[in-house]
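Since the structure comes first, as structure tokens, the remarks are kept for the end.
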Amino acid sequence: MNDWSKEDFGVRLKTLREQRGLSMMAFGAAIGTSASRIKDWEKGKNAPSAAWIAKISERFNVSTDELILGDPKTSKAFTASSSSNVDMLYERLRENLLIAKETDEQEGKLVELYNSIDAENKERYRSGRGRRLAERELLSILTELPKKDVLELLELAKIKKRWL
């Protein structure tokens, strides 16, 4: 069995974050902490509590054993993500909406991400029942989200409505 090491944990955490295509700020926002705390964990300066490890494990669908010990026999590798392509695009779009400044270059990235998401969804929701299907899926997802996430989506919807 492997021994615990803050430095090795930091390397595994950084690998997980980078493979998900997230900045430290977005990764921290996803689990409810700061980018500086993520940086300290990745550098091996501090070790997260069991509660933080559980949050990271749950949010990014990796086992706690793999996260803590790096034992490939106990879980799938980080690269075997259960997130679909659309989920990853939404995560990147969310990151850009949360932390991006209003520059032309970043606005172009947002448009590119939105177009990618739109192209993937057009195929699925093409039929006359597409909107109804999308609304049902959205309601189903909303009922399972914590209040904080529902309020965040509400704000994003308000922003979207202003852009139209």
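In the structure tokens, the first chain shown is A, the next is B, and so on; residue numbers restart at 1 for each chain, and ligands run from 1 in the order shown.
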With a distance cut-off of 12 Å and only C-alpha atoms, select the neighbouring residues of Lys55 (chain A), excluding the residue or stretch itself and same-chain residues fewer than 6 positions from it, and output the selection as number ranges by chain. A: 27-33, 48-49, 61-64, 67
Given only C-alpha atoms as the counted atoms, nearest of A:Ile141, A:Leu113, A:Tyr90, A:Glu42 to Arg20 (chain A): A:Tyr90
As an exercise, work out the distance from CA of Ile159 (chain A) to CA of Arg59 (chain A) in Å and give it to one decimal place.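 So the answer is 25.7 Å.
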Mind giving me the straight-line distance from CA of Leu13 (chain A) to CA of Ser57 (chain A) in Å, one decimal?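 Atom-to-atom, CA of Leu13 (chain A) and CA of Ser57 (chain A) are spaced 10.4 Å apart.
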